[in-house]
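Q: Here you go, input_31.pdb (PDB, C-alpha atoms and all ligand atoms):
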ATOM      1  CA  MET A   1     -96.800  72.029-185.640  1.00  0.00           C
ATOM      2  CA  ASN A   2     -97.262  70.766-182.079  1.00  0.00           C
ATOM      3  CA  VAL A   3    -100.705  72.035-181.121  1.00  0.00           C
ATOM      4  CA  ALA A   4    -100.366  70.836-177.505  1.00  0.00           C
ATOM      5  CA  LYS A   5     -97.277  73.018-177.170  1.00  0.00           C
ATOM      6  CA  ILE A   6     -99.237  76.026-178.403  1.00  0.00           C
ATOM      7  CA  ALA A   7    -102.052  75.231-175.937  1.00  0.00           C
ATOM      8  CA  THR A   8     -99.671  74.946-173.002  1.00  0.00           C
ATOM      9  CA  THR A   9     -97.518  77.969-173.803  1.00  0.00           C
ATOM     10  CA  ARG A  10    -100.214  80.487-174.780  1.00  0.00           C
ATOM     11  CA  TYR A  11    -101.356  82.555-171.834  1.00  0.00           C
ATOM     12  CA  THR A  12    -103.455  85.577-170.983  1.00  0.00           C
ATOM     13  CA  THR A  13    -101.347  88.681-171.443  1.00  0.00           C
ATOM     14  CA  LYS A  14    -101.727  91.195-168.641  1.00  0.00           C
ATOM     15  CA  ALA A  15     -99.661  94.059-170.126  1.00  0.00           C
ATOM     16  CA  PHE A  16     -99.049  94.962-173.775  1.00  0.00           C
ATOM     17  CA  ASP A  17     -96.192  96.851-175.392  1.00  0.00           C
ATOM     18  CA  PRO A  18     -97.994  99.875-176.935  1.00  0.00           C
ATOM     19  CA  HIS A  19     -95.269 100.265-179.591  1.00  0.00           C
ATOM     20  CA  LYS A  20     -95.563  96.817-181.120  1.00  0.00           C
ATOM     21  CA  ARG A  21     -98.148  96.409-183.895  1.00  0.00           C
ATOM     22  CA  ILE A  22     -99.536  93.334-185.564  1.00  0.00           C
ATOM     23  CA  GLY A  23     -98.582  93.266-189.257  1.00  0.00           C
ATOM     24  CA  SER A  24    -101.182  93.344-192.004  1.00  0.00           C
ATOM     25  CA  ALA A  25    -100.546  89.761-193.211  1.00  0.00           C
ATOM     26  CA  GLN A  26    -101.116  88.455-189.690  1.00  0.00           C
ATOM     27  CA  LEU A  27    -104.221  90.607-189.279  1.00  0.00           C
ATOM     28  CA  GLU A  28    -105.574  89.056-192.429  1.00  0.00           C
ATOM     29  CA  GLN A  29    -105.070  85.636-190.825  1.00  0.00           C
ATOM     30  CA  ILE A  30    -106.836  86.819-187.665  1.00  0.00           C
ATOM     31  CA  ARG A  31    -109.814  87.917-189.769  1.00  0.00           C
ATOM     32  CA  THR A  32    -109.809  84.529-191.500  1.00  0.00           C
ATOM     33  CA  LEU A  33    -109.837  82.726-188.140  1.00  0.00           C
ATOM     34  CA  LEU A  34    -112.910  84.691-187.081  1.00  0.00           C
ATOM     35  CA  ARG A  35    -114.744  84.409-190.373  1.00  0.00           C
ATOM     36  CA  PHE A  36    -114.172  80.680-190.700  1.00  0.00           C
ATOM     37  CA  SER A  37    -115.015  79.803-187.114  1.00  0.00           C
ATOM     38  CA  PRO A  38    -117.662  77.067-187.013  1.00  0.00           C
ATOM     39  CA  SER A  39    -121.169  77.724-185.688  1.00  0.00           C
ATOM     40  CA  SER A  40    -124.246  75.598-185.101  1.00  0.00           C
ATOM     41  CA  THR A  41    -126.100  75.120-188.413  1.00  0.00           C
ATOM     42  CA  ASN A  42    -123.535  77.538-189.894  1.00  0.00           C
ATOM     43  CA  SER A  43    -125.746  80.297-188.489  1.00  0.00           C
ATOM     44  CA  GLN A  44    -122.798  82.709-188.011  1.00  0.00           C
ATOM     45  CA  PRO A  45    -124.862  84.928-185.689  1.00  0.00           C
ATOM     46  CA  TRP A  46    -121.979  87.334-185.135  1.00  0.00           C
ATOM     47  CA  HIS A  47    -120.146  90.451-186.129  1.00  0.00           C
ATOM     48  CA  PHE A  48    -116.571  91.400-185.267  1.00  0.00           C
ATOM     49  CA  ILE A  49    -115.427  94.963-184.698  1.00  0.00           C
ATOM     50  CA  ILE A  50    -111.670  95.355-184.922  1.00  0.00           C
ATOM     51  CA  ALA A  51    -110.262  98.468-183.273  1.00  0.00           C
ATOM     52  CA  GLY A  52    -106.720  99.194-184.421  1.00  0.00           C
ATOM     53  CA  SER A  53    -106.510 102.991-184.198  1.00  0.00           C
ATOM     54  CA  ASP A  54    -105.966 104.901-180.955  1.00  0.00           C
ATOM     55  CA  GLU A  55    -109.375 106.519-181.465  1.00  0.00           C
ATOM     56  CA  GLY A  56    -111.053 103.142-181.991  1.00  0.00           C
ATOM     57  CA  LYS A  57    -109.429 101.576-178.941  1.00  0.00           C
ATOM     58  CA  ALA A  58    -110.387 104.626-176.855  1.00  0.00           C
ATOM     59  CA  ARG A  59    -114.032 104.080-177.839  1.00  0.00           C
ATOM     60  CA  VAL A  60    -113.834 100.457-176.703  1.00  0.00           C
ATOM     61  CA  ALA A  61    -112.005 101.485-173.527  1.00  0.00           C
ATOM     62  CA  ILE A  62    -115.032 103.559-172.443  1.00  0.00           C
ATOM     63  CA  ALA A  63    -116.501 100.233-171.318  1.00  0.00           C
ATOM     64  CA  THR A  64    -113.534  99.575-169.021  1.00  0.00           C
ATOM     65  CA  ALA A  65    -113.574 102.924-167.231  1.00  0.00           C
ATOM     66  CA  THR A  66    -115.217 101.956-163.970  1.00  0.00           C
ATOM     67  CA  GLY A  67    -114.887  99.620-160.983  1.00  0.00           C
ATOM     68  CA  PRO A  68    -113.118  96.293-161.424  1.00  0.00           C
ATOM     69  CA  TYR A  69    -113.304  96.710-165.213  1.00  0.00           C
ATOM     70  CA  SER A  70    -110.638  99.421-164.998  1.00  0.00           C
ATOM     71  CA  ALA A  71    -107.937  96.752-164.569  1.00  0.00           C
ATOM     72  CA  ASN A  72    -108.620  95.870-168.204  1.00  0.00           C
ATOM     73  CA  GLN A  73    -108.397  99.413-169.544  1.00  0.00           C
ATOM     74  CA  PRO A  74    -104.603  99.492-170.103  1.00  0.00           C
ATOM     75  CA  LYS A  75    -104.873  96.172-171.937  1.00  0.00           C
ATOM     76  CA  VAL A  76    -107.456  97.639-174.310  1.00  0.00           C
ATOM     77  CA  LEU A  77    -105.498 100.861-174.836  1.00  0.00           C
ATOM     78  CA  ASN A  78    -102.026  99.320-175.207  1.00  0.00           C
ATOM     79  CA  ALA A  79    -102.899  96.299-177.318  1.00  0.00           C
ATOM     80  CA  SER A  80    -102.176  96.546-181.016  1.00  0.00           C
ATOM     81  CA  HIS A  81    -105.772  95.636-181.875  1.00  0.00           C
ATOM     82  CA  VAL A  82    -108.914  94.896-179.904  1.00  0.00           C
ATOM     83  CA  VAL A  83    -111.641  92.661-181.304  1.00  0.00           C
ATOM     84  CA  VAL A  84    -115.177  93.213-180.039  1.00  0.00           C
ATOM     85  CA  LEU A  85    -116.937  89.915-180.605  1.00  0.00           C
ATOM     86  CA  CYS A  86    -120.641  90.696-181.001  1.00  0.00           C
ATOM     87  CA  ALA A  87    -123.755  88.556-181.243  1.00  0.00           C
ATOM     88  CA  ARG A  88    -126.878  89.446-183.143  1.00  0.00           C
ATOM     89  CA  THR A  89    -129.827  90.485-180.997  1.00  0.00           C
ATOM     90  CA  GLU A  90    -132.336  88.660-183.199  1.00  0.00           C
ATOM     91  CA  LEU A  91    -132.294  85.554-185.344  1.00  0.00           C
ATOM     92  CA  THR A  92    -134.960  86.344-187.925  1.00  0.00           C
ATOM     93  CA  ASP A  93    -136.212  84.146-190.743  1.00  0.00           C
ATOM     94  CA  ALA A  94    -134.889  86.766-193.168  1.00  0.00           C
ATOM     95  CA  TYR A  95    -131.396  86.346-191.704  1.00  0.00           C
ATOM     96  CA  LEU A  96    -131.602  82.545-191.906  1.00  0.00           C
ATOM     97  CA  GLU A  97    -132.589  82.900-195.557  1.00  0.00           C
ATOM     98  CA  HIS A  98    -129.618  85.222-196.081  1.00  0.00           C
ATOM     99  CA  VAL A  99    -127.299  82.460-194.778  1.00  0.00           C
ATOM    100  CA  MET A 100    -129.085  79.982-197.060  1.00  0.00           C
ATOM    101  CA  GLU A 101    -128.454  82.194-200.090  1.00  0.00           C
ATOM    102  CA  GLN A 102    -124.784  82.497-199.194  1.00  0.00           C
ATOM    103  CA  GLU A 103    -124.436  78.735-198.951  1.00  0.00           C
ATOM    104  CA  GLU A 104    -126.119  78.362-202.323  1.00  0.00           C
ATOM    105  CA  ASN A 105    -123.836  80.986-203.883  1.00  0.00           C
ATOM    106  CA  ASP A 106    -120.836  79.185-202.381  1.00  0.00           C
ATOM    107  CA  GLY A 107    -121.918  76.000-204.137  1.00  0.00           C
ATOM    108  CA  ARG A 108    -123.105  73.974-201.163  1.00  0.00           C
ATOM    109  CA  CYS A 109    -126.527  73.097-202.603  1.00  0.00           C
ATOM    110  CA  LYS A 110    -125.768  70.464-205.186  1.00  0.00           C
ATOM    111  CA  THR A 111    -129.457  69.684-205.711  1.00  0.00           C
ATOM    112  CA  ALA A 112    -132.791  71.390-205.006  1.00  0.00           C
ATOM    113  CA  GLU A 113    -133.448  68.658-202.424  1.00  0.00           C
ATOM    114  CA  ALA A 114    -130.177  69.452-200.646  1.00  0.00           C
ATOM    115  CA  LYS A 115    -131.226  73.092-200.359  1.00  0.00           C
ATOM    116  CA  VAL A 116    -134.628  72.159-198.943  1.00  0.00           C
ATOM    117  CA  ALA A 117    -133.019  69.781-196.425  1.00  0.00           C
ATOM    118  CA  THR A 118    -130.471  72.396-195.297  1.00  0.00           C
ATOM    119  CA  ARG A 119    -133.141  75.064-194.867  1.00  0.00           C
ATOM    120  CA  LYS A 120    -135.317  72.615-192.923  1.00  0.00           C
ATOM    121  CA  GLY A 121    -132.459  71.535-190.641  1.00  0.00           C
ATOM    122  CA  ARG A 122    -131.469  75.086-189.800  1.00  0.00           C
ATOM    123  CA  ALA A 123    -135.093  76.089-189.184  1.00  0.00           C
ATOM    124  CA  PHE A 124    -135.527  73.117-186.845  1.00  0.00           C
ATOM    125  CA  TYR A 125    -132.725  74.293-184.551  1.00  0.00           C
ATOM    126  CA  ALA A 126    -133.687  77.958-184.816  1.00  0.00           C
ATOM    127  CA  ASN A 127    -137.279  77.088-183.860  1.00  0.00           C
ATOM    128  CA  LEU A 128    -136.110  74.779-181.074  1.00  0.00           C
ATOM    129  CA  HIS A 129    -134.218  77.647-179.451  1.00  0.00           C
ATOM    130  CA  ARG A 130    -137.150  80.000-179.988  1.00  0.00           C
ATOM    131  CA  GLU A 131    -139.344  77.498-178.111  1.00  0.00           C
ATOM    132  CA  LEU A 132    -136.735  77.123-175.372  1.00  0.00           C
ATOM    133  CA  ASP A 133    -136.534  80.918-175.243  1.00  0.00           C
ATOM    134  CA  ASP A 134    -132.733  80.749-175.271  1.00  0.00           C
ATOM    135  CA  THR A 135    -131.956  82.062-178.761  1.00  0.00           C
ATOM    136  CA  GLN A 136    -129.743  84.850-177.406  1.00  0.00           C
ATOM    137  CA  HIS A 137    -127.807  82.399-175.268  1.00  0.00           C
ATOM    138  CA  TRP A 138    -127.474  80.028-178.220  1.00  0.00           C
ATOM    139  CA  MET A 139    -126.110  82.788-180.448  1.00  0.00           C
ATOM    140  CA  GLU A 140    -123.662  83.941-177.796  1.00  0.00           C
ATOM    141  CA  LYS A 141    -122.355  80.377-177.409  1.00  0.00           C
ATOM    142  CA  GLN A 142    -121.435  80.483-181.093  1.00  0.00           C
ATOM    143  CA  VAL A 143    -119.538  83.724-180.487  1.00  0.00           C
ATOM    144  CA  TYR A 144    -117.480  81.990-177.783  1.00  0.00           C
ATOM    145  CA  ILE A 145    -116.454  79.335-180.297  1.00  0.00           C
ATOM    146  CA  ALA A 146    -115.033  82.179-182.385  1.00  0.00           C
ATOM    147  CA  LEU A 147    -113.203  83.438-179.290  1.00  0.00           C
ATOM    148  CA  GLY A 148    -111.618  80.011-178.710  1.00  0.00           C
ATOM    149  CA  THR A 149    -110.640  79.738-182.359  1.00  0.00           C
ATOM    150  CA  LEU A 150    -109.119  83.202-182.180  1.00  0.00           C
ATOM    151  CA  LEU A 151    -107.130  82.533-178.990  1.00  0.00           C
ATOM    152  CA  LEU A 152    -105.517  79.338-180.221  1.00  0.00           C
ATOM    153  CA  GLY A 153    -104.946  80.771-183.681  1.00  0.00           C
ATOM    154  CA  ALA A 154    -103.372  83.956-182.338  1.00  0.00           C
ATOM    155  CA  ALA A 155    -101.002  81.874-180.226  1.00  0.00           C
ATOM    156  CA  ALA A 156    -100.062  79.839-183.300  1.00  0.00           C
ATOM    157  CA  LEU A 157     -99.218  83.149-185.000  1.00  0.00           C
ATOM    158  CA  GLU A 158     -97.134  84.097-181.924  1.00  0.00           C
ATOM    159  CA  ILE A 159     -99.513  86.955-181.182  1.00  0.00           C
ATOM    160  CA  ASP A 160    -100.269  87.560-177.507  1.00  0.00           C
ATOM    161  CA  ALA A 161    -103.894  87.854-176.446  1.00  0.00           C
ATOM    162  CA  THR A 162    -106.207  88.708-173.579  1.00  0.00           C
ATOM    163  CA  PRO A 163    -109.792  87.466-173.606  1.00  0.00           C
ATOM    164  CA  ILE A 164    -111.868  90.045-171.718  1.00  0.00           C
ATOM    165  CA  GLU A 165    -115.296  89.610-170.193  1.00  0.00           C
ATOM    166  CA  GLY A 166    -114.579  92.335-167.669  1.00  0.00           C
ATOM    167  CA  PHE A 167    -116.226  95.291-169.367  1.00  0.00           C
ATOM    168  CA  ASP A 168    -119.512  97.147-169.130  1.00  0.00           C
ATOM    169  CA  ARG A 169    -121.537  95.580-171.903  1.00  0.00           C
ATOM    170  CA  ALA A 170    -124.330  98.162-171.923  1.00  0.00           C
ATOM    171  CA  ALA A 171    -121.755 100.965-172.051  1.00  0.00           C
ATOM    172  CA  LEU A 172    -119.973  99.356-174.998  1.00  0.00           C
ATOM    173  CA  ASP A 173    -123.221  98.737-176.862  1.00  0.00           C
ATOM    174  CA  GLU A 174    -123.965 102.433-176.365  1.00  0.00           C
ATOM    175  CA  ALA A 175    -120.469 103.700-177.262  1.00  0.00           C
ATOM    176  CA  LEU A 176    -120.374 101.728-180.519  1.00  0.00           C
ATOM    177  CA  GLY A 177    -124.058 102.085-181.393  1.00  0.00           C
ATOM    178  CA  LEU A 178    -124.384  98.304-181.493  1.00  0.00           C
ATOM    179  CA  ARG A 179    -128.044  97.896-180.551  1.00  0.00           C
ATOM    180  CA  GLN A 180    -129.121 100.079-183.481  1.00  0.00           C
ATOM    181  CA  ARG A 181    -127.270  97.632-185.727  1.00  0.00           C
ATOM    182  CA  GLY A 182    -128.999  94.615-184.159  1.00  0.00           C
ATOM    183  CA  LEU A 183    -125.834  93.650-182.286  1.00  0.00           C
ATOM    184  CA  THR A 184    -124.592  93.339-178.713  1.00  0.00           C
ATOM    185  CA  ALA A 185    -121.030  93.024-177.417  1.00  0.00           C
ATOM    186  CA  VAL A 186    -120.303  89.595-175.908  1.00  0.00           C
ATOM    187  CA  VAL A 187    -116.582  89.418-175.223  1.00  0.00           C
ATOM    188  CA  LEU A 188    -113.382  91.254-176.184  1.00  0.00           C
ATOM    189  CA  ALA A 189    -110.008  89.995-177.295  1.00  0.00           C
ATOM    190  CA  ALA A 190    -107.024  92.317-176.966  1.00  0.00           C
ATOM    191  CA  LEU A 191    -104.224  91.288-179.330  1.00  0.00           C
ATOM    192  CA  GLY A 192    -100.604  92.368-179.618  1.00  0.00           C
ATOM    193  CA  TYR A 193     -97.274  91.727-177.949  1.00  0.00           C
ATOM    194  CA  HIS A 194     -96.611  91.634-174.217  1.00  0.00           C
ATOM    195  CA  SER A 195     -94.463  94.218-172.468  1.00  0.00           C
ATOM    196  CA  ALA A 196     -91.593  93.633-170.039  1.00  0.00           C
ATOM    197  CA  ASP A 197     -93.923  94.221-167.079  1.00  0.00           C
ATOM    198  CA  ASP A 198     -96.354  91.454-168.007  1.00  0.00           C
ATOM    199  CA  PHE A 199     -96.178  89.461-164.760  1.00  0.00           C
ATOM    200  CA  ASN A 200     -98.220  86.634-166.245  1.00  0.00           C
ATOM    201  CA  ALA A 201     -95.540  85.824-168.837  1.00  0.00           C
ATOM    202  CA  GLU A 202     -93.375  84.300-166.105  1.00  0.00           C
ATOM    203  CA  LEU A 203     -96.041  82.522-164.067  1.00  0.00           C
ATOM    204  CA  PRO A 204     -96.628  78.798-164.563  1.00  0.00           C
ATOM    205  CA  LYS A 205     -99.952  77.747-165.978  1.00  0.00           C
ATOM    206  CA  SER A 206    -102.465  76.116-163.649  1.00  0.00           C
ATOM    207  CA  ARG A 207    -105.120  73.585-164.599  1.00  0.00           C
ATOM    208  CA  LEU A 208    -107.094  70.954-162.713  1.00  0.00           C
ATOM    209  CA  PRO A 209    -105.575  67.468-163.007  1.00  0.00           C
ATOM    210  CA  ALA A 210    -106.356  65.369-166.083  1.00  0.00           C
ATOM    211  CA  GLU A 211    -107.821  62.564-163.897  1.00  0.00           C
ATOM    212  CA  GLU A 212    -110.404  65.020-162.639  1.00  0.00           C
ATOM    213  CA  ILE A 213    -111.573  66.455-165.929  1.00  0.00           C
ATOM    214  CA  PHE A 214    -111.549  63.447-168.251  1.00  0.00           C
ATOM    215  CA  THR A 215    -113.733  60.353-168.257  1.00  0.00           C
ATOM    216  CA  PHE A 216    -112.944  57.675-170.791  1.00  0.00           C
ATOM    217  CA  LEU A 217    -115.662  55.294-171.892  1.00  0.00           C
TER     218      LEU A 217
HETATM  219  C1  LIG A 301    -114.244  84.288-171.513  1.00  0.00           C
HETATM  220  C2  LIG A 301    -113.034  84.772-170.774  1.00  0.00           C
HETATM  221  C3  LIG A 301    -113.055  85.995-170.140  1.00  0.00           C
HETATM  222  C4  LIG A 301    -111.920  86.471-169.488  1.00  0.00           C
HETATM  223  N1  LIG A 301    -111.925  87.754-168.968  1.00  0.00           N
HETATM  224  C5  LIG A 301    -110.756  88.276-168.519  1.00  0.00           C
HETATM  225  C6  LIG A 301    -110.675  89.641-168.149  1.00  0.00           C
HETATM  226  O1  LIG A 301    -111.658  90.376-168.173  1.00  0.00           O
HETATM  227  N2  LIG A 301    -109.453  90.132-167.767  1.00  0.00           N
HETATM  228  C7  LIG A 301    -108.337  89.335-167.727  1.00  0.00           C
HETATM  229  O2  LIG A 301    -107.256  89.845-167.393  1.00  0.00           O
HETATM  230  N3  LIG A 301    -108.403  88.028-168.042  1.00  0.00           N
HETATM  231  C8  LIG A 301    -109.559  87.481-168.448  1.00  0.00           C
HETATM  232  N4  LIG A 301    -109.620  86.159-168.812  1.00  0.00           N
HETATM  233  C9  LIG A 301    -108.408  85.319-168.689  1.00  0.00           C
HETATM  234  C10 LIG A 301    -108.576  84.136-167.739  1.00  0.00           C
HETATM  235  O3  LIG A 301    -108.440  84.561-166.419  1.00  0.00           O
HETATM  236  C11 LIG A 301    -107.531  83.089-168.140  1.00  0.00           C
HETATM  237  O4  LIG A 301    -107.838  82.600-169.420  1.00  0.00           O
HETATM  238  C12 LIG A 301    -107.449  81.925-167.170  1.00  0.00           C
HETATM  239  O5  LIG A 301    -107.013  82.342-165.904  1.00  0.00           O
HETATM  240  C13 LIG A 301    -106.501  80.850-167.685  1.00  0.00           C
HETATM  241  O6  LIG A 301    -105.206  81.380-167.889  1.00  0.00           O
HETATM  242  P1  LIG A 301    -104.469  81.405-169.295  1.00  0.00           P
HETATM  243  O7  LIG A 301    -105.370  82.086-170.311  1.00  0.00           O
HETATM  244  O8  LIG A 301    -103.229  82.228-169.049  1.00  0.00           O
HETATM  245  O9  LIG A 301    -104.168  80.014-169.695  1.00  0.00           O
HETATM  246  C14 LIG A 301    -110.758  85.670-169.428  1.00  0.00           C
HETATM  247  C15 LIG A 301    -110.771  84.414-170.054  1.00  0.00           C
HETATM  248  C16 LIG A 301    -111.866  83.984-170.742  1.00  0.00           C
HETATM  249  C17 LIG A 301    -111.799  82.667-171.474  1.00  0.00           C
END
Could you quickly redo this structure as structure tokens?
Ligand SMILES: Cc1cc2nc3c(=O)[nH]c(=O)nc-3n(C[C@H](O)[C@H](O)[C@H](O)COP(=O)(O)O)c2cc1C

A:
Amino acid sequence: MNVAKIATTRYTTKAFDPHKRIGSAQLEQIRTLLRFSPSSTNSQPWHFIIAGSDEGKARVAIATATGPYSANQPKVLNASHVVVLCARTELTDAYLEHVMEQEENDGRCKTAEAKVATRKGRAFYANLHRELDDTQHWMEKQVYIALGTLLLGAAALEIDATPIEGFDRAALDEALGLRQRGLTAVVLAALGYHSADDFNAELPKSRLPAEEIFTFL
């Protein structure tokens, strides 16, 4: 695998073929990409809603009905699947303990001391962000790592994708009842296969020059 080739040939799809569906084996890999995405202190402060039915995509598309967001509505409706990447709205001690229990069940606490140290380390960062009053921002940054993992992984699976920030977040939270579940929508990813009228498929990629964005020490 040439990962640089995947990075330079993947692109944001602007029009999907509504008749082409992602197969179940590939969807399983997409779910694995999201679930195994790394997060600070393994906090995993996320939830992923995957809309694959017409009804499900229509519910997500409510958030792309107005203003400049409407340019994204056909992408949401014509994609095979749309992932709503959500962040939690709270990072409670009970949730941190839930993560701790999972790690213990998965065999990551080889000794009682290791468990204490892991709990202490995670609490340090959770408390740091509480003091900085940026816990929500911190959690949403973790969600964006999942988005990046998803975009590169989808391209490796030869699945086209559109990351979408252009949607009405409050409207989507309302349409999917997210706030009641302690969640808020952060970003969308439409997944599928591009159509013949996807103008972006033919355009060259554009990035700032390497000399400008890298410093080597
Ligand atoms: C977080 C994020 C949000 C984006 N939101 C939108 C969007 O709402 N609609 C859209 O068509 N493209 C969206 N894009 C696509 C970017 O415009 C695109 O990634 C950028 O121009 C680079 O092009 P490339 O993805 O084809 O390499 C978004 C990209 C990212 C990473």

Q: Selected by the PyMOL selection byres (((not hetatm)) within 10 of (chain A and resi 301)) in the shown coordinates: which residues, as a ChimeraX atom specification?

A: /A:7-15,64,68-73,75,144,147-148,151,161-167,186-190,200-201,203-207

Q: Just to confirm, what's the straight-line distance from atom CA of Arg119 of chain A to atom CA of Glu97 of chain A in Å (one decimal)?

A: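 Distance between the two atoms: 7.9 Å.
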
Q: Mind pulling up the distance from atom CA of Ala126 of chain A to atom CA of Asn42 of chain A?

A: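 Straight-line distance from atom CA of Asn42 of chain A to atom CA of Ala126 of chain A works out to 11.4 Å.
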
Q: Please, which residues are within 12 Å of (-119.6, 79.8, -187.2) by the file's coordinates, counting all atoms listed in the file, and could they come as a ChimeraX atom specification?

A: /A:32-47,87,99,138-149

Q: Which of these, A:Gln29, A:Asn105, A:Ser80, A:Ser53, has the shortest distance to Asp160 of chain A once you count all atoms listed in the file?

A: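 Residue with the minimum atom-to-atom distance to Asp160 of chain A: A:Ser80.
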
Q: Determine the nearest neighbour of Arg169 of chain A from the options A:Gly107, A:Cys86, A:His81, A:Asn2, counting all atoms listed in the file.

A: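 Selected residue with least distance to Arg169 of chain A: A:Cys86.
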
Q: Please measure the separation of atom CA of Glu113 of chain A and atom CA of His98 of chain A, giving the value in Å to one decimal.

A: 18.1 Å

Q: For this structure, which residues satisfy the selection - the PyMOL selection byres (((chain A and resi 16) around 7) and not hetatm) - when it is evaluated on the file as given? I want them as a ChimeraX atom specification.

A: /A:14-15,17-18,75,78-79,192-195

Q: The PyMOL selection byres (((chain A and resi 26) around 12) and not hetatm) - which residues does that actually catch in the file I just gave you? List them as a PyMOL selection string.

A: chain A and resi 21-25+27-33+80-81+153-159+191-192

Q: Taking into account only C-alpha atoms, which residue in the set A:Met1, A:Val76, A:Met100, A:Ile62 is nearest to Thr118 of chain A?

A: A:Met100

Q: Would you list the contacts of segment 177-182 of chain A as JSON, numbers by chain, taking every protein, DNA or RNA residue within 12 Å and counting all atoms listed in the file, but skipping same-chain residues closer than 6 positions in sequence?

A: {"A": [45, 46, 47, 48, 49, 59, 60, 84, 85, 86, 87, 88, 89, 90, 91, 92, 95, 136, 169, 170, 171]}

Q: Please extract segment 57-101 of chain A and write it out with C-alpha atoms, as a JSON list (two decimals), in the first residue's frame.

A:
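The result, stored in result.json:
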[["chain", "number", "residue", "atom", "x", "y", "z"],
["A", 57, "LYS", "CA", -30.71, 10.23, 5.42],
["A", 58, "ALA", "CA", -33.83, 12.42, 5.10],
["A", 59, "ARG", "CA", -33.72, 13.03, 8.86],
["A", 60, "VAL", "CA", -30.08, 14.11, 8.62],
["A", 61, "ALA", "CA", -30.85, 16.23, 5.55],
["A", 62, "ILE", "CA", -33.24, 18.38, 7.61],
["A", 63, "ALA", "CA", -30.09, 20.12, 8.85],
["A", 64, "THR", "CA", -29.07, 21.03, 5.30],
["A", 65, "ALA", "CA", -32.37, 22.56, 4.23],
["A", 66, "THR", "CA", -31.56, 26.24, 4.49],
["A", 67, "GLY", "CA", -29.16, 28.91, 3.22],
["A", 68, "PRO", "CA", -25.66, 27.90, 2.17],
["A", 69, "TYR", "CA", -26.14, 24.51, 3.85],
["A", 70, "SER", "CA", -28.52, 23.52, 1.04],
["A", 71, "ALA", "CA", -25.56, 22.90, -1.28],
["A", 72, "ASN", "CA", -24.81, 19.90, 0.92],
["A", 73, "GLN", "CA", -28.32, 18.46, 0.88],
["A", 74, "PRO", "CA", -27.97, 16.40, -2.34],
["A", 75, "LYS", "CA", -24.73, 14.95, -0.98],
["A", 76, "VAL", "CA", -26.51, 13.79, 2.17],
["A", 77, "LEU", "CA", -29.50, 12.40, 0.26],
["A", 78, "ASN", "CA", -27.57, 10.69, -2.56],
["A", 79, "ALA", "CA", -24.70, 9.23, -0.57],
["A", 80, "SER", "CA", -24.91, 5.55, 0.26],
["A", 81, "HIS", "CA", -24.43, 6.27, 3.97],
["A", 82, "VAL", "CA", -24.03, 9.38, 6.09],
["A", 83, "VAL", "CA", -22.15, 9.29, 9.38],
["A", 84, "VAL", "CA", -23.08, 11.87, 12.00],
["A", 85, "LEU", "CA", -20.02, 12.19, 14.19],
["A", 86, "CYS", "CA", -21.23, 13.31, 17.62],
["A", 87, "ALA", "CA", -19.46, 14.44, 20.78],
["A", 88, "ARG", "CA", -20.73, 13.95, 24.29],
["A", 89, "THR", "CA", -22.08, 17.08, 25.96],
["A", 90, "GLU", "CA", -20.58, 16.16, 29.34],
["A", 91, "LEU", "CA", -17.52, 14.29, 30.52],
["A", 92, "THR", "CA", -18.65, 13.00, 33.91],
["A", 93, "ASP", "CA", -16.65, 11.02, 36.44],
["A", 94, "ALA", "CA", -19.13, 8.17, 35.94],
["A", 95, "TYR", "CA", -18.29, 8.10, 32.23],
["A", 96, "LEU", "CA", -14.54, 8.13, 32.92],
["A", 97, "GLU", "CA", -15.06, 5.19, 35.27],
["A", 98, "HIS", "CA", -17.03, 3.42, 32.53],
["A", 99, "VAL", "CA", -14.00, 3.76, 30.21],
["A", 100, "MET", "CA", -11.77, 2.49, 33.03],
["A", 101, "GLU", "CA", -13.94, -0.61, 33.46]]
